[in-house]
$ cat my_file_1.tsv   # TSV, C-alpha atoms and all ligand atoms
chain	number	residue	atom	x	y	z
A	1	MET	CA	-37.27	-25.91	-16.71
A	2	THR	CA	-34.13	-27.95	-16.15
A	3	ALA	CA	-31.55	-27.24	-13.52
A	4	ALA	CA	-28.76	-25.10	-14.89
A	5	ALA	CA	-25.16	-26.15	-14.32
A	6	SER	CA	-23.86	-24.22	-11.34
A	7	PRO	CA	-21.48	-21.43	-12.41
A	8	PRO	CA	-17.79	-21.91	-11.60
A	9	GLU	CA	-16.81	-20.66	-8.18
A	10	VAL	CA	-15.49	-17.11	-8.22
A	11	LEU	CA	-11.79	-17.04	-7.35
A	12	ARG	CA	-10.42	-15.47	-4.17
A	13	ALA	CA	-6.82	-15.13	-3.08
A	14	PRO	CA	-4.83	-13.35	-0.38
A	15	LEU	CA	-2.91	-10.39	-1.78
A	16	VAL	CA	-0.13	-8.32	-0.19
A	17	VAL	CA	1.05	-5.04	-1.66
A	18	GLU	CA	4.15	-3.88	0.17
A	19	PHE	CA	6.93	-1.37	-0.32
A	20	PRO	CA	9.50	0.22	1.99
A	21	PHE	CA	9.08	3.99	2.30
A	22	THR	CA	12.31	5.79	3.23
A	23	ARG	CA	11.94	9.19	4.85
A	24	SER	CA	14.56	11.64	6.11
A	25	LEU	CA	13.31	13.29	9.29
A	26	GLY	CA	14.51	16.88	9.47
A	27	PRO	CA	15.32	18.60	12.80
A	28	VAL	CA	11.89	18.37	14.49
A	29	GLN	CA	10.93	14.77	13.76
A	30	SER	CA	14.54	13.69	14.34
A	31	ALA	CA	14.42	15.20	17.86
A	32	PHE	CA	10.96	13.69	18.52
A	33	LEU	CA	11.96	10.12	17.58
A	34	SER	CA	15.44	10.36	19.16
A	35	GLY	CA	13.67	11.58	22.33
A	36	LEU	CA	11.31	8.59	22.39
A	37	ARG	CA	14.34	6.31	22.34
A	38	GLU	CA	15.52	8.08	25.52
A	39	ARG	CA	11.99	8.04	27.06
A	40	VAL	CA	11.58	11.78	26.51
A	41	VAL	CA	8.45	13.11	24.76
A	42	LEU	CA	9.00	16.34	22.85
A	43	GLY	CA	6.49	18.76	21.43
A	44	VAL	CA	6.85	22.01	19.56
A	45	LYS	CA	5.52	25.49	20.41
A	46	THR	CA	3.43	27.22	17.80
A	47	THR	CA	3.58	30.95	17.12
A	48	ASP	CA	0.71	31.59	19.57
A	49	GLY	CA	2.29	29.46	22.31
A	50	LYS	CA	0.34	26.21	21.91
A	51	VAL	CA	2.29	22.96	22.41
A	52	MET	CA	1.78	20.36	19.70
A	53	VAL	CA	2.53	16.68	20.39
A	54	PRO	CA	3.47	14.99	18.15
A	55	PRO	CA	5.41	17.99	16.87
A	56	VAL	CA	5.07	19.44	13.38
A	57	GLU	CA	7.56	21.52	11.39
A	58	TYR	CA	5.21	24.32	10.37
A	59	ASP	CA	2.64	26.33	12.31
A	60	PRO	CA	-0.79	25.00	11.29
A	61	VAL	CA	-2.28	28.53	11.37
A	62	THR	CA	0.44	30.81	10.02
A	63	ALA	CA	2.48	28.16	8.11
A	64	GLU	CA	5.61	29.68	9.69
A	65	GLU	CA	8.52	27.35	10.35
A	66	ILE	CA	8.55	26.41	14.07
A	67	ARG	CA	11.52	24.96	15.92
A	68	GLU	CA	10.96	25.71	19.66
A	69	LEU	CA	11.00	22.25	21.24
A	70	VAL	CA	9.59	21.49	24.70
A	71	GLU	CA	9.43	18.36	26.83
A	72	VAL	CA	6.01	17.19	28.03
A	73	GLY	CA	4.88	14.51	30.47
A	74	ALA	CA	4.61	10.76	29.99
A	75	VAL	CA	1.19	10.90	31.67
A	76	GLY	CA	-1.89	12.34	30.05
A	77	THR	CA	-5.66	12.41	29.62
A	78	VAL	CA	-7.78	10.48	27.10
A	79	THR	CA	-9.73	12.98	24.97
A	80	THR	CA	-11.58	10.38	22.87
A	81	TRP	CA	-11.35	6.68	22.07
A	82	ALA	CA	-12.70	3.73	20.08
A	83	TRP	CA	-12.61	0.05	21.03
A	84	ASN	CA	-10.82	-2.34	18.68
A	85	GLY	CA	-12.16	-5.79	19.46
A	86	SER	CA	-10.35	-7.58	16.62
A	87	PRO	CA	-6.75	-6.41	16.28
A	88	ARG	CA	-5.18	-7.03	12.88
A	89	PRO	CA	-1.60	-8.21	12.32
A	90	HIS	CA	1.07	-5.59	13.01
A	91	GLN	CA	-1.22	-3.42	15.16
A	92	PRO	CA	0.34	-2.22	18.45
A	93	LEU	CA	-1.26	-4.94	20.59
A	94	GLY	CA	-2.25	-8.50	19.77
A	95	THR	CA	-5.17	-8.49	22.22
A	96	PRO	CA	-8.30	-6.28	21.98
A	97	PHE	CA	-7.44	-2.68	22.89
A	98	ALA	CA	-8.68	0.90	22.58
A	99	TRP	CA	-7.45	3.40	20.04
A	100	VAL	CA	-7.07	6.58	22.09
A	101	LEU	CA	-6.22	10.21	21.60
A	102	VAL	CA	-4.13	11.24	24.60
A	103	ARG	CA	-3.31	14.83	25.54
A	104	LEU	CA	-0.05	14.46	27.44
A	105	ASP	CA	0.45	16.78	30.43
A	106	GLY	CA	1.92	20.03	29.13
A	107	ALA	CA	0.56	19.53	25.57
A	108	ASP	CA	-2.38	21.24	23.88
A	109	THR	CA	-2.98	18.57	21.24
A	110	ALA	CA	-3.48	14.83	21.49
A	111	ILE	CA	-1.41	11.91	20.19
A	112	LEU	CA	-3.01	8.79	18.68
A	113	HIS	CA	-1.95	5.48	20.18
A	114	ALA	CA	-3.20	2.21	21.67
A	115	LEU	CA	-4.46	1.81	25.25
A	116	ASP	CA	-4.07	-1.59	26.88
A	117	ALA	CA	-7.31	-2.05	28.81
A	118	PRO	CA	-9.27	-5.18	29.82
A	119	GLY	CA	-12.41	-4.06	27.96
A	120	PRO	CA	-14.38	-1.06	26.71
A	121	GLU	CA	-16.03	-0.68	30.15
A	122	ALA	CA	-12.57	0.16	31.53
A	123	VAL	CA	-12.09	3.10	29.11
A	124	HIS	CA	-13.62	6.56	29.35
A	125	THR	CA	-12.92	10.04	28.07
A	126	GLY	CA	-11.06	11.98	30.75
A	127	MET	CA	-9.30	8.96	32.21
A	128	ARG	CA	-5.65	9.33	33.14
A	129	VAL	CA	-3.17	7.14	31.29
A	130	ARG	CA	0.59	6.79	31.13
A	131	ILE	CA	3.09	5.62	28.55
A	132	ARG	CA	4.29	2.03	28.64
A	133	TRP	CA	7.72	2.19	27.04
A	134	ALA	CA	8.96	-0.59	24.77
A	135	ALA	CA	11.77	-2.63	26.32
A	136	GLU	CA	13.94	-2.09	23.24
A	137	ARG	CA	13.71	1.36	21.69
A	138	THR	CA	15.09	2.34	18.30
A	139	GLY	CA	13.81	5.87	17.67
A	140	ALA	CA	10.33	5.09	16.31
A	141	ILE	CA	6.73	5.74	17.37
A	142	THR	CA	6.67	2.07	18.46
A	143	ASP	CA	9.09	3.02	21.26
A	144	ILE	CA	5.82	3.85	22.98
A	145	ALA	CA	4.58	0.24	23.27
A	146	CYS	CA	1.13	1.55	24.24
A	147	PHE	CA	-0.61	3.53	26.96
A	148	GLU	CA	-1.93	1.94	30.15
A	149	PRO	CA	-4.44	3.19	32.74
A	150	GLY	CA	-2.90	4.98	35.67
A	151	GLU	CA	-1.76	8.27	37.03
A	152	ALA	CA	1.75	7.40	38.12
A	153	GLY	CA	4.53	7.50	35.59
A	154	GLU	CA	7.48	5.23	35.97
A	155	ALA	CA	9.13	7.89	38.15
A	156	GLY	CA	6.27	7.38	40.66
A	157	GLU	CA	4.75	10.83	40.28
A	158	ALA	CA	1.31	9.79	41.63
A	159	GLY	CA	-0.70	12.78	42.77
A	160	ALA	CA	1.82	15.25	41.38
A	161	PRO	CA	0.36	18.37	39.75
A	162	GLU	CA	0.06	18.25	35.97
A	163	ARG	CA	3.47	18.63	34.46
A	164	GLN	CA	4.18	21.82	32.51
A	165	ALA	CA	6.05	21.84	29.24
A	166	THR	CA	9.72	22.68	29.75
A	167	ALA	CA	12.24	23.92	27.21
A	168	HIS	CA	14.41	21.28	25.52
A	169	ASP	CA	17.28	21.77	23.08
A	170	GLY	CA	16.35	18.64	21.08
A	171	GLN	CA	19.96	17.43	21.15
A	172	PHE	CA	20.58	13.70	21.55
A	173	ALA	CA	23.69	11.58	20.94
A	174	ASP	CA	23.34	9.40	17.80
A	175	ALA	CA	20.21	11.22	16.66
A	176	VAL	CA	17.84	9.29	14.41
A	177	THR	CA	17.90	11.01	11.02
A	178	GLY	CA	15.73	8.73	8.88
A	179	ILE	CA	13.17	5.98	9.07
A	180	ILE	CA	12.07	3.20	6.77
A	181	ALA	CA	8.32	2.63	7.09
A	182	ALA	CA	7.00	-0.53	5.48
A	183	ALA	CA	3.79	0.49	3.74
A	184	ARG	CA	1.71	-2.68	3.53
A	185	LEU	CA	-1.76	-3.60	2.31
A	186	ASP	CA	-2.79	-7.12	3.21
A	187	TYR	CA	-6.19	-8.13	1.87
A	188	THR	CA	-8.27	-10.75	0.09
A	189	TYR	CA	-8.84	-10.10	-3.58
A	190	SER	CA	-11.68	-11.52	-5.64
A	191	PRO	CA	-11.48	-10.86	-9.39
A	192	GLY	CA	-15.22	-11.38	-9.88
A	193	ARG	CA	-17.13	-13.58	-12.34
A	194	ALA	CA	-15.66	-12.37	-15.64
A	195	GLN	CA	-12.01	-12.41	-14.63
A	196	THR	CA	-12.45	-15.74	-12.83
A	197	ALA	CA	-13.54	-17.25	-16.16
A	198	TYR	CA	-10.59	-15.52	-17.86
A	199	ILE	CA	-8.08	-16.85	-15.31
A	200	ASN	CA	-9.53	-20.37	-15.39
A	201	ALA	CA	-9.34	-20.41	-19.21
A	202	LEU	CA	-5.72	-19.18	-19.09
A	203	ALA	CA	-4.85	-22.19	-16.95
A	204	GLU	CA	-6.07	-24.29	-19.93
A	205	ARG	CA	-3.88	-22.15	-22.25
A	206	ARG	CA	-6.86	-20.38	-23.81
A	207	THR	CA	-7.41	-16.61	-23.80
A	208	VAL	CA	-11.09	-15.76	-23.44
A	209	GLY	CA	-12.58	-12.27	-23.59
A	210	GLU	CA	-16.15	-11.02	-23.53
A	211	ARG	CA	-18.04	-9.21	-26.29
A	212	CYS	CA	-20.21	-6.17	-25.59
A	213	PRO	CA	-23.78	-6.81	-26.90
A	214	SER	CA	-24.07	-3.13	-27.82
A	215	CYS	CA	-20.80	-1.98	-29.45
A	216	HIS	CA	-19.56	-5.57	-30.17
A	217	LYS	CA	-16.06	-4.85	-28.89
A	218	VAL	CA	-14.24	-7.80	-27.34
A	219	TYR	CA	-12.58	-7.02	-24.01
A	220	VAL	CA	-9.52	-8.98	-22.88
A	221	PRO	CA	-9.20	-9.35	-19.97
A	222	PRO	CA	-12.95	-8.97	-19.43
A	223	ARG	CA	-14.28	-6.83	-16.56
A	224	GLY	CA	-17.89	-8.00	-16.78
A	225	THR	CA	-19.16	-4.74	-18.26
A	226	CYS	CA	-18.39	-2.60	-21.28
A	227	PRO	CA	-16.61	0.56	-20.06
A	228	THR	CA	-18.03	2.53	-23.01
A	229	CYS	CA	-21.66	1.34	-23.08
A	230	GLY	CA	-22.02	0.46	-19.40
A	231	VAL	CA	-23.84	-2.80	-20.14
A	232	ALA	CA	-23.02	-6.29	-18.88
A	233	THR	CA	-20.86	-8.47	-21.13
A	234	THR	CA	-21.59	-12.19	-21.06
A	235	GLU	CA	-20.77	-13.62	-24.51
A	236	GLN	CA	-17.41	-15.32	-24.23
A	237	VAL	CA	-15.04	-15.13	-27.20
A	238	GLU	CA	-11.74	-16.95	-27.54
A	239	VAL	CA	-9.02	-14.70	-28.96
A	240	GLY	CA	-5.37	-15.06	-29.98
A	241	PRO	CA	-3.23	-16.86	-29.21
A	242	ALA	CA	-1.05	-14.61	-31.40
A	243	GLY	CA	-1.20	-10.83	-31.34
A	244	THR	CA	0.46	-7.57	-32.31
A	245	VAL	CA	2.66	-5.27	-30.21
A	246	THR	CA	0.85	-1.92	-30.25
A	247	THR	CA	3.29	-0.05	-28.00
A	248	TYR	CA	6.01	-0.90	-25.51
A	249	CYS	CA	8.57	0.35	-23.03
A	250	ILE	CA	12.07	-0.79	-22.10
A	251	VAL	CA	12.42	-1.59	-18.40
A	252	ASN	CA	15.83	-0.72	-16.95
A	253	ILE	CA	15.10	-1.03	-13.22
A	254	LYS	CA	15.22	-4.47	-11.67
A	255	ALA	CA	12.21	-5.23	-9.49
A	256	LYS	CA	12.66	-6.89	-6.13
A	257	ASN	CA	11.59	-10.56	-6.08
A	258	LEU	CA	11.44	-10.67	-9.89
A	259	ASP	CA	14.12	-12.83	-11.50
A	260	ILE	CA	14.26	-11.10	-14.90
A	261	GLU	CA	17.45	-9.60	-16.28
A	262	VAL	CA	17.22	-5.94	-17.26
A	263	PRO	CA	16.80	-4.36	-19.70
A	264	TYR	CA	13.68	-6.09	-20.94
A	265	VAL	CA	10.57	-5.01	-22.85
A	266	TYR	CA	7.07	-4.71	-21.49
A	267	ALA	CA	4.48	-4.29	-24.21
A	268	HIS	CA	0.82	-3.74	-24.94
A	269	ILE	CA	-0.32	-6.62	-27.13
A	270	ALA	CA	-3.57	-6.69	-29.09
A	271	LEU	CA	-4.44	-10.37	-29.41
A	272	ASP	CA	-6.06	-11.35	-32.69
A	273	GLY	CA	-9.82	-10.82	-32.29
A	274	ALA	CA	-9.51	-8.55	-29.23
A	275	ASP	CA	-10.45	-4.85	-29.16
A	276	LEU	CA	-8.33	-4.05	-26.12
A	277	ALA	CA	-4.60	-4.58	-25.64
A	278	LEU	CA	-3.30	-6.50	-22.65
A	279	HIS	CA	0.23	-6.11	-21.34
A	280	ALA	CA	2.99	-8.68	-21.06
A	281	ARG	CA	6.75	-9.11	-21.23
A	282	ILE	CA	8.40	-9.73	-24.59
A	283	GLY	CA	11.20	-12.32	-24.78
A	284	GLY	CA	13.08	-14.28	-27.42
A	285	ILE	CA	14.32	-11.13	-29.17
A	286	PRO	CA	16.93	-8.51	-28.16
A	287	TYR	CA	15.20	-5.69	-26.30
A	288	ASP	CA	16.31	-3.07	-28.85
A	289	GLN	CA	14.71	-4.96	-31.75
A	290	VAL	CA	11.17	-4.95	-30.36
A	291	ARG	CA	8.92	-2.63	-32.39
A	292	MET	CA	5.33	-1.58	-32.87
A	293	GLY	CA	3.57	-4.04	-35.18
A	294	LEU	CA	5.76	-7.00	-34.12
A	295	ARG	CA	3.74	-10.24	-34.26
A	296	VAL	CA	4.05	-12.28	-31.04
A	297	GLU	CA	2.69	-15.47	-29.42
A	298	PRO	CA	2.50	-16.64	-25.80
A	299	VAL	CA	5.15	-18.87	-24.21
A	300	TRP	CA	3.94	-21.14	-21.44
A	301	THR	CA	6.09	-22.70	-18.81
A	302	GLU	CA	5.47	-26.19	-17.47
A	303	GLY	CA	2.57	-26.00	-15.00
A	304	GLY	CA	2.19	-22.22	-15.49
A	305	ARG	CA	-1.33	-20.83	-15.14
A	306	HIS	CA	-0.63	-17.88	-17.44
A	307	PRO	CA	1.85	-17.11	-20.25
A	308	ASP	CA	5.35	-16.45	-18.93
A	309	HIS	CA	6.02	-14.02	-21.78
A	310	TYR	CA	5.37	-13.46	-25.50
A	311	ARG	CA	7.89	-14.10	-28.28
A	312	PRO	CA	8.02	-13.22	-32.01
A	313	THR	CA	6.05	-15.54	-34.31
A	314	GLY	CA	8.31	-14.81	-37.30
A	315	GLU	CA	5.39	-13.43	-39.35
A	316	PRO	CA	5.77	-10.10	-41.16
A	317	ASP	CA	4.95	-7.07	-39.01
A	318	ALA	CA	1.32	-5.95	-38.91
A	319	ASP	CA	0.31	-2.83	-40.84
A	320	TYR	CA	-0.05	0.24	-38.62
A	321	ASP	CA	-3.65	0.66	-39.82
A	322	ALA	CA	-4.48	-2.81	-38.49
A	323	TYR	CA	-3.82	-1.86	-34.86
A	324	LYS	CA	-3.77	1.97	-34.68
A	325	GLU	CA	-7.20	2.03	-32.98
A	326	LEU	CA	-5.87	-0.17	-30.17
A	327	ILE	CA	-2.87	1.90	-29.10
B	1	ZN	ZN	-19.97	-1.59	-25.55

$ encode --input "my_file_1.tsv" --output "structure tokens"
Amino acid sequence: MTAAASPPEVLRAPLVVEFPFTRSLGPVQSAFLSGLRERVVLGVKTTDGKVMVPPVEYDPVTAEEIRELVEVGAVGTVTTWAWNGSPRPHQPLGTPFAWVLVRLDGADTAILHALDAPGPEAVHTGMRVRIRWAAERTGAITDIACFEPGEAGEAGEAGAPERQATAHDGQFADAVTGIIAAARLDYTYSPGRAQTAYINALAERRTVGERCPSCHKVYVPPRGTCPTCGVATTEQVEVGPAGTVTTYCIVNIKAKNLDIEVPYVYAHIALDGADLALHARIGGIPYDQVRMGLRVEPVWTEGGRHPDHYRPTGEPDADYDAYKELI
């Protein structure tokens, strides 16, 4: 037996999926976040008199609307916790810390936040902790920088009896009425063996799919298995480069960070020899002249690792029967 050539290294790349999520707050959350900016923690009373912190707009038992705001303490008790030895970017603290649920004095429920502690041996359920306020506060949950061990609040209330919830009208000057939360997923993506081969071939301006040994369909891009038969696909098949538009849509909304004038057409294209359509942008033709059956070919840019877009080949349109199974 001779040594086989080692397979190409499977690709890996960092990937970030990010979008800003804009939310209007309504009266309860507006009062809660405006309060944090003023170093006031507000909760809400439920129908049966329980105090919920952070507050909610509807009673969790009766689903009735609840609006009775109360102020609770900035000192509380840890009800449970977990040590985070390897903080990730954008977490509340850059050094190892504990995630804690803290029941603030006067509240009946606990709030999730970070506890700055030297190590897990310094954290225990039942310990007393207090809020460390952020130096600059904007009306966000991050106005609480974190919790820290200790009984005394910043007002020096060491040894004082547990604070009771007191009524609050929820009124603040320049109330915060909306927030923009950046939803963000930051991870390492590996496309696996089959798509690595596909991507590497694309960089050489070849489109390579894989044929199912059972149903003989050619999948482009390949996933490594046939989704119908459930068997591994290994036979590589070069397809295209030309193909047929099977269906399409006209894009009228400009995407952030994408330098393409709208409107433009995004299409499903069945490459010649492929049994699955891939999707790509269509260029080189007015958007309102793109049609099902249009014959197209890839356009590569200098140094590009994949086609920039597809353009008409000038051939007659394909017969509907030739691609109807691929729509
Ligand atoms: Zn199959």

$ closest_residue --input "my_file_1.tsv" --among "A:Ser86, A:Thr47, A:Thr77, A:Ser30" --to "Arg103 of chain A" --atoms "all atoms listed in the file"
A:Thr77

$ closest_residue --input "my_file_1.tsv" --among "A:Val290, A:Ile66, A:Val251, A:Val51" --to "Asp108 of chain A" --atoms "all atoms listed in the file"
A:Val51

$ residues_near_point --input "my_file_1.tsv" --point "(12.4, 9.1, 16.4)" --cutoff "9 Å" --atoms "only C-alpha atoms" --output "list of chain:residue names"
A:Leu25, A:Gln29, A:Ser30, A:Ala31, A:Phe32, A:Leu33, A:Ser34, A:Gly35, A:Leu36, A:Arg37, A:Thr138, A:Gly139, A:Ala140, A:Ile141, A:Asp143, A:Ala175, A:Val176, A:Thr177, A:Gly178, A:Ile179

$ residues_near_point --input "my_file_1.tsv" --point "(-2.2, 6.6, 32.0)" --cutoff "12 Å" --atoms "all atoms listed in the file" --output "ChimeraX atom specification"
/A:73-78,100-105,113-117,123-133,146-154,157-158

$ residues_near_ligand --input "my_file_1.tsv" --ligand "ligand ZN 1 (chain B)" --cutoff "10 Å" --atoms "only C-alpha atoms and all ligand atoms" --output "list in words"
Arg211, Cys212, Pro213, Ser214, Cys215, His216, Lys217, Val218, Tyr219, Thr225, Cys226, Pro227, Thr228, Cys229, Gly230, Val231, Ala232 and Thr233 of chain A

$ closest_residue --input "my_file_1.tsv" --among "A:Phe97, A:Tyr320, A:Tyr266, A:Tyr198" --to "Glu238 of chain A" --atoms "all atoms listed in the file"
A:Tyr198

$ atom_distance --input "my_file_1.tsv" --atom1 "atom CA of Leu69 of chain A" --atom2 "atom CA of Pro54 of chain A"
10.9 Å

$ closest_residue --input "my_file_1.tsv" --among "A:Gly273, A:Gly283, A:Pro27, A:Pro87" --to "Glu65 of chain A" --atoms "all atoms listed in the file"
A:Pro27

$ residues_around --input "my_file_1.tsv" --residues "Pro14 of chain A" --least-positions-apart "2" --cutoff "7 Å" --atoms "only C-alpha atoms" --output "MDAnalysis selection string"
chainID A and resid 16 187:189

$ residues_around --input "my_file_1.tsv" --residues "Thr313 of chain A" --least-positions-apart "5" --cutoff "10 Å" --atoms "only C-alpha atoms" --output "ChimeraX atom specification"
/A:242-244,284,294-298

$ atom_distance --input "my_file_1.tsv" --atom1 "atom CA of His90 of chain A" --atom2 "atom CA of Lys254 of chain A"
28.5 Å

$ closest_residue --input "my_file_1.tsv" --among "A:Trp81, A:Pro89, A:Phe21, A:Ile111" --to "Met52 of chain A" --atoms "only C-alpha atoms"
A:Ile111

$ atom_distance --input "my_file_1.tsv" --atom1 "atom CA of Thr246 of chain A" --atom2 "atom CA of Glu261 of chain A"
23.0 Å

$ closest_residue --input "my_file_1.tsv" --among "A:Ser190, A:Gln195, A:Gln171, A:Gln91" --to "Thr142 of chain A" --atoms "only C-alpha atoms"
A:Gln91

$ residues_around --input "my_file_1.tsv" --residues "Val61 of chain A" --least-positions-apart "6" --cutoff "12 Å" --atoms "only C-alpha atoms" --output "number ranges by chain"
A: 46-50

$ residues_around --input "my_file_1.tsv" --residues "Ala197 of chain A" --least-positions-apart "4" --cutoff "12 Å" --atoms "all atoms listed in the file" --output "PyMOL selection string"
chain A and resi 7-11+191-193+201-204+206-210+220-224+234-238

$ residues_around --input "my_file_1.tsv" --residues "Gly85 of chain A" --least-positions-apart "4" --cutoff "9 Å" --atoms "only C-alpha atoms" --output "PDB file with C-alpha atoms, keeping the file's coordinate frame"
ATOM      1  CA  THR A  95      -5.170  -8.490  22.220  1.00  0.00           C
ATOM      2  CA  PRO A  96      -8.300  -6.280  21.980  1.00  0.00           C
ATOM      3  CA  PHE A  97      -7.440  -2.680  22.890  1.00  0.00           C
ATOM      4  CA  ALA A  98      -8.680   0.900  22.580  1.00  0.00           C
ATOM      5  CA  GLY A 119     -12.410  -4.060  27.960  1.00  0.00           C
ATOM      6  CA  PRO A 120     -14.380  -1.060  26.710  1.00  0.00           C
TER       7      PRO A 120
END

$ decode --input "my_file_1.tsv" --residues "segment 86-100 of chain A" --atoms "N, CA and C atoms" --output "CSV table (one decimal), in the first residue's frame"
chain,number,residue,atom,x,y,z
A,86,SER,N,-13.2,32.5,31.6
A,86,SER,CA,-12.6,33.0,30.4
A,86,SER,C,-13.6,34.0,29.7
A,87,PRO,N,-13.6,35.2,30.2
A,87,PRO,CA,-14.6,36.2,29.6
A,87,PRO,C,-14.4,36.4,28.1
A,88,ARG,N,-15.5,36.5,27.4
A,88,ARG,CA,-15.4,36.8,26.0
A,88,ARG,C,-15.5,38.3,25.7
A,89,PRO,N,-15.1,38.7,24.5
A,89,PRO,CA,-15.2,40.1,24.2
A,89,PRO,C,-16.6,40.6,24.4
A,90,HIS,N,-16.7,41.8,24.9
A,90,HIS,CA,-18.0,42.5,25.1
A,90,HIS,C,-18.8,42.0,26.3
A,91,GLN,N,-18.2,41.1,27.1
A,91,GLN,CA,-18.9,40.7,28.4
A,91,GLN,C,-18.6,41.8,29.4
A,92,PRO,N,-19.4,41.9,30.5
A,92,PRO,CA,-19.3,43.0,31.4
A,92,PRO,C,-17.9,43.3,32.0
A,93,LEU,N,-17.1,42.3,32.2
A,93,LEU,CA,-15.8,42.5,32.8
A,93,LEU,C,-14.8,41.8,31.9
A,94,GLY,N,-13.6,42.3,31.8
A,94,GLY,CA,-12.5,41.7,31.0
A,94,GLY,C,-11.7,40.7,31.8
A,95,THR,N,-11.9,40.6,33.1
A,95,THR,CA,-11.2,39.7,33.9
A,95,THR,C,-12.2,38.6,34.4
A,96,PRO,N,-11.7,37.4,34.8
A,96,PRO,CA,-12.6,36.4,35.2
A,96,PRO,C,-13.6,36.9,36.3
A,97,PHE,N,-14.9,36.5,36.2
A,97,PHE,CA,-15.9,37.0,37.1
A,97,PHE,C,-17.0,36.0,37.3
A,98,ALA,N,-17.9,36.2,38.2
A,98,ALA,CA,-19.0,35.3,38.4
A,98,ALA,C,-20.3,35.9,37.7
A,99,TRP,N,-21.0,35.0,37.0
A,99,TRP,CA,-22.4,35.4,36.7
A,99,TRP,C,-23.2,35.2,37.9
A,100,VAL,N,-24.0,36.1,38.3
A,100,VAL,CA,-24.8,36.0,39.5
A,100,VAL,C,-26.3,36.4,39.3
